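**Student:** Once you've had a glance at the structure underneath, I'll fire off some questions.
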Amino acid sequence: MTLRAVVKGVGHYLPERVVPNSEFEEKIETSDEWIRSRSGIERRHFAAEGQTTSDLGIRAAQAALADAGLQPNDLDAIIVATSTADLTFPSAATMIQAGLGMTRGFAFDVQAVCAGFVFALTNANGLILSGSAKRVLVIGAETFSRIMDWEDRGTCVLFGDGAGALILEAEEGTGSTDDRGILATDLNSDGQYRDILYVDGGVSTGTTGYLRMQGKEVFRHAIEKLAQTAHTALDKIGLTGDDVDWIVPHQANLRIIKGTAQRMGVPMERVVVTVQDHGNTSAASIPLALSVGKERGQIKQGDLVVTEAIGGGLAWGSVVIRW
């Protein structure tokens, strides 16, 4: 028998404020048509004043717990993927742990920007396979609206706020690719590309800073690296794009999503797309899309799902899951 980390529940939360593209037309030189044609984004959600990343994460976690039929103290661990934690420390994860009323186990953050959820899932899988935890709540939560330069039309129109959560539980499998749960993972990073996507603030500057991005360079790396990591993960278990029921990609840009699917040989009919409604929610985008995909009736038990993401670092990776 083989131990697997099996998905038991998913959930998400979006702030109440919806910001359509038209709202930016009043503030910067842009248009709804310009934003849609370059990104596929039509609207996004922004957190309310005083609403923090951990607040969003708590709401998504509660939805995932309800979906799984579990209580907070049924969990052994919480991992939160975020680049916009409430404070330098303590971690957003411990704040969410307290907010849920969870009085046991452990909690910590993972920071790999837009690839954060893939890195967090891989860490959760490792905890389960090692026997360190039986049930792990994995959350992606972001308030990127707090690090936008509202005069930079190339970035400020692309991002949104939100949170998604997924619960993994240890179960015995047969060791075949028919098992439910995480079947393969692939993680990568290359720090030489730091300057094409970063925030120009932090402890060294004494400021929060703003997101800075070389869009064309990020696009070029994304198309190549996302398809490569997905193929690598599938190769590890002897599967191909033909075996995939759903790609659930990082929701950064519709052109990147289409380009990656094409390179993988998977038609867009088998890709979960939410970028038009949420914008780029960084580490929250994959769990948000997983939750919405299940809610829509797209993702069903037994489906083979590939998630892949790339973010600042550069950091990129993929996870193959039998739902």
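Here's how to read the names in the structure tokens: chain A, B, ... by the order shown, residue numbers from 1 in each chain, ligand numbers from 1 in the order shown.
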Within 9 Å of Met213 (chain A), counting only C-alpha atoms, which residues qualify if same-chain residues fewer than 2 places away don't, as a ChimeraX atom specification?
**Tutor:** /A:154-155,195-199,211,215-218
**Student:** State, in Å with one decimal place, the distance from CA of Leu226 (chain A) to CA of Glu33 (chain A).
**Tutor:**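 Distance between the two atoms: 26.8 Å.
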**Student:** Just asking: which residues within region 19-155 of chain A are strand (DSSP E) according to DSSP, as a count of residues only?
**Tutor:** 25
**Student:** One number please: CA of Asp179 (chain A) to CA of Glu224 (chain A), in Å, one decimal.
**Tutor:**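 So the two atoms, CA of Asp179 (chain A) and CA of Glu224 (chain A), lie 29.4 Å apart.
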**Student:** If you run DSSP on the backbone here, which positions in region 6-187 of chain A get alpha helix (DSSP H)? Please write them as a count of residues only.
**Tutor:** 52
**Student:** Nearest to Thr274 (chain A): which of A:Thr177, A:Ser31, A:Ser39, A:Thr103 is it, counting only C-alpha atoms?
**Tutor:** A:Ser39
**Student:** Compare A:Ser176, A:Thr84, A:Thr229, A:Ser285 by their minimum atom-to-atom distance to Ser189 (chain A), counting only C-alpha atoms, and give me the closest one.
**Tutor:**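 Of A:Ser176, A:Thr84, A:Thr229, A:Ser285, the one nearest Ser189 (chain A) is A:Thr229, counting only C-alpha atoms.
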**Student:** List the spatial neighbours of Leu121 (chain A) as a compact mmCIF listing (two decimals) with C-alpha atoms, in the first residue's frame - criterion: any atom at most 8 Å away, only C-alpha atoms, same-chain residues fewer than 4 positions off excluded.
**Tutor:**
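Listing of out_5.txt after writing:
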# COMPACT_ATOMS: atom_id res chain seq x y z
CA PHE A 117 0.33 27.48 -3.51
CA ASN A 125 2.27 16.38 0.74
CA VAL A 138 -3.34 24.55 2.63
CA VAL A 319 1.35 19.34 -8.85
**Student:** Please list as a ChimeraX atom specification every residue within 9 Å of Ile247 (chain A), counting only C-alpha atoms and excluding residues in the same chain fewer than 4 positions away.
**Tutor:** /A:261,266,268,270-272,304-308
**Student:** Just write the chosen residues, N, CA and C atoms, as a PDB file, in the first residue's frame.
**Tutor:**
ATOM      1  N   ALA A 261      -1.522  25.677 -22.353  1.00  0.00           N
ATOM      2  CA  ALA A 261      -2.401  24.561 -22.716  1.00  0.00           C
ATOM      3  C   ALA A 261      -2.043  24.016 -24.098  1.00  0.00           C
ATOM      4  N   VAL A 266      -3.420  20.195 -24.567  1.00  0.00           N
ATOM      5  CA  VAL A 266      -4.708  20.077 -23.887  1.00  0.00           C
ATOM      6  C   VAL A 266      -5.628  21.196 -24.389  1.00  0.00           C
ATOM      7  N   MET A 268      -8.603  24.037 -24.618  1.00  0.00           N
ATOM      8  CA  MET A 268      -9.074  24.988 -23.621  1.00  0.00           C
ATOM      9  C   MET A 268     -10.363  24.531 -22.943  1.00  0.00           C
ATOM     10  N   ARG A 270     -10.695  21.927 -21.503  1.00  0.00           N
ATOM     11  CA  ARG A 270     -10.275  21.179 -20.315  1.00  0.00           C
ATOM     12  C   ARG A 270      -9.367  22.025 -19.416  1.00  0.00           C
ATOM     13  N   VAL A 271      -9.543  23.347 -19.490  1.00  0.00           N
ATOM     14  CA  VAL A 271      -8.785  24.275 -18.656  1.00  0.00           C
ATOM     15  C   VAL A 271      -9.768  25.099 -17.828  1.00  0.00           C
ATOM     16  N   VAL A 272      -9.564  25.136 -16.518  1.00  0.00           N
ATOM     17  CA  VAL A 272     -10.404  25.971 -15.647  1.00  0.00           C
ATOM     18  C   VAL A 272      -9.865  27.397 -15.706  1.00  0.00           C
ATOM     19  N   LEU A 304      -8.221  13.690 -13.210  1.00  0.00           N
ATOM     20  CA  LEU A 304      -6.789  13.989 -13.104  1.00  0.00           C
ATOM     21  C   LEU A 304      -6.598  15.481 -13.354  1.00  0.00           C
ATOM     22  N   VAL A 305      -6.068  16.167 -12.351  1.00  0.00           N
ATOM     23  CA  VAL A 305      -5.930  17.623 -12.368  1.00  0.00           C
ATOM     24  C   VAL A 305      -4.449  17.990 -12.303  1.00  0.00           C
ATOM     25  N   VAL A 306      -4.027  18.902 -13.174  1.00  0.00           N
ATOM     26  CA  VAL A 306      -2.664  19.438 -13.131  1.00  0.00           C
ATOM     27  C   VAL A 306      -2.730  20.918 -12.780  1.00  0.00           C
ATOM     28  N   THR A 307      -2.052  21.304 -11.726  1.00  0.00           N
ATOM     29  CA  THR A 307      -1.917  22.709 -11.366  1.00  0.00           C
ATOM     30  C   THR A 307      -0.489  23.134 -11.651  1.00  0.00           C
ATOM     31  N   GLU A 308      -0.309  24.337 -12.193  1.00  0.00           N
ATOM     32  CA  GLU A 308       1.044  24.839 -12.455  1.00  0.00           C
ATOM     33  C   GLU A 308       1.060  26.348 -12.305  1.00  0.00           C
TER      34      GLU A 308
END
**Student:** Taking into account only C-alpha atoms, which residue in the set A:Gly311, A:Leu166, A:Leu187, A:Asp32 is nearest to Lys294 (chain A)?
**Tutor:**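 Of all the options, A:Leu166 lies closest to Lys294 (chain A).
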**Student:** Rank A:Arg322, A:Lys134, A:Lys27, A:Arg36 by their smallest atom-to-atom distance to Trp246 (chain A), using only C-alpha atoms, and report the top residue only.
**Tutor:**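 Nearest candidate to Trp246 (chain A) out of A:Arg322, A:Lys134, A:Lys27, A:Arg36: A:Arg322.
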**Student:** Which neighbours of Asp152 (chain A) fall inside 12 Å, counting only C-alpha atoms, when residues of the same chain fewer than 2 positions from it are skipped, and could you give them as a PyMOL selection string?
**Tutor:** chain A and resi 24+27-30+147-150+154-158+210-215
**Student:** Restricting the output to N, CA and C atoms, write the selected residues as a short mmCIF file (atom, residue, chain, number, x, y, z; two decimals), in the first residue's frame.
**Tutor:**
data_model
loop_
_atom_site.label_atom_id
_atom_site.label_comp_id
_atom_site.auth_asym_id
_atom_site.auth_seq_id
_atom_site.Cartn_x
_atom_site.Cartn_y
_atom_site.Cartn_z
N PHE A 24 -10.71 51.87 -13.74
CA PHE A 24 -9.35 52.35 -13.96
C PHE A 24 -9.30 53.46 -15.01
N LYS A 27 -8.77 56.92 -13.75
CA LYS A 27 -7.59 57.25 -12.97
C LYS A 27 -6.29 57.24 -13.77
N ILE A 28 -6.19 56.34 -14.76
CA ILE A 28 -4.96 56.22 -15.54
C ILE A 28 -5.31 56.09 -17.01
N GLU A 29 -4.28 56.20 -17.85
CA GLU A 29 -4.48 56.08 -19.30
C GLU A 29 -4.61 54.61 -19.68
N THR A 30 -5.83 54.13 -19.69
CA THR A 30 -6.11 52.73 -20.05
C THR A 30 -7.56 52.62 -20.48
N ILE A 147 -0.02 46.53 -2.51
CA ILE A 147 1.35 46.76 -3.00
C ILE A 147 1.35 47.21 -4.46
N MET A 148 0.25 47.83 -4.90
CA MET A 148 0.16 48.32 -6.27
C MET A 148 0.59 49.79 -6.37
N ASP A 149 1.31 50.10 -7.44
CA ASP A 149 1.61 51.48 -7.81
C ASP A 149 0.48 51.90 -8.75
N TRP A 150 -0.42 52.74 -8.27
CA TRP A 150 -1.62 53.07 -9.04
C TRP A 150 -1.36 53.98 -10.22
N GLY A 154 0.77 49.27 -16.35
CA GLY A 154 1.15 47.93 -16.78
C GLY A 154 0.98 46.87 -15.71
N THR A 155 0.85 47.29 -14.44
CA THR A 155 0.70 46.31 -13.36
C THR A 155 -0.57 46.49 -12.55
N CYS A 156 -0.97 47.72 -12.27
CA CYS A 156 -2.05 47.91 -11.29
C CYS A 156 -3.39 47.35 -11.75
N VAL A 157 -3.57 47.18 -13.07
CA VAL A 157 -4.85 46.67 -13.58
C VAL A 157 -4.91 45.14 -13.56
N LEU A 158 -3.80 44.49 -13.22
CA LEU A 158 -3.71 43.04 -13.39
C LEU A 158 -4.07 42.24 -12.15
N TYR A 210 6.39 48.72 -3.83
CA TYR A 210 5.40 48.43 -4.87
C TYR A 210 5.88 47.29 -5.77
N LEU A 211 4.94 46.60 -6.35
CA LEU A 211 5.26 45.54 -7.30
C LEU A 211 5.84 46.14 -8.57
N ARG A 212 6.93 45.55 -9.06
CA ARG A 212 7.57 45.97 -10.31
C ARG A 212 7.70 44.74 -11.21
N MET A 213 7.38 44.91 -12.48
CA MET A 213 7.39 43.76 -13.38
C MET A 213 7.80 44.16 -14.78
N GLN A 214 8.66 43.33 -15.39
CA GLN A 214 8.97 43.43 -16.82
C GLN A 214 8.06 42.43 -17.54
N GLY A 215 6.91 42.92 -17.96
CA GLY A 215 5.86 42.06 -18.46
C GLY A 215 6.25 41.13 -19.58
#
**Student:** Restricting the calculation to only C-alpha atoms: of A:Leu65, A:Val248, A:Val7, A:Val18, which residue gets closest to Asp277 (chain A)?
**Tutor:**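 Smallest distance to Asp277 (chain A) is found for A:Val18.
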**Student:** Determine the nearest neighbour of Gly40 (chain A) from the options A:Ala233, A:Leu75, A:Leu254, A:Val10, counting only C-alpha atoms.
**Tutor:** A:Leu254
**Student:** What does the distance between CA of Ser318 (chain A) and CA of Ala64 (chain A) come to in Å, to one decimal place?
**Tutor:** 21.6 Å
**Student:** Identify, on the basis of only C-alpha atoms, every residue whose closest approach to Ala124 (chain A) does not exceed 9 Å; exclude the query and any residue fewer than 2 positions from it along the same chain; express the result as a list in words.
**Tutor:** Ala5, Ala77, Ile78, Ile79, Phe119, Ala120, Leu121, Thr122, Gly126, Leu127, Ile128, Leu129, Ala133, Arg135, Val136, Leu137, Val138 and Leu168 of chain A
**Student:** I'd like the contact shell of Ala141 (chain A) - 12 Å cut-off, only C-alpha atoms, skipping same-chain residues fewer than 4 positions apart - returned as a PyMOL selection string.
**Tutor:** chain A and resi 11-15+47+52-61+79-86+92-93+96+109-111+113-114+116-117+120+160-166+280-288
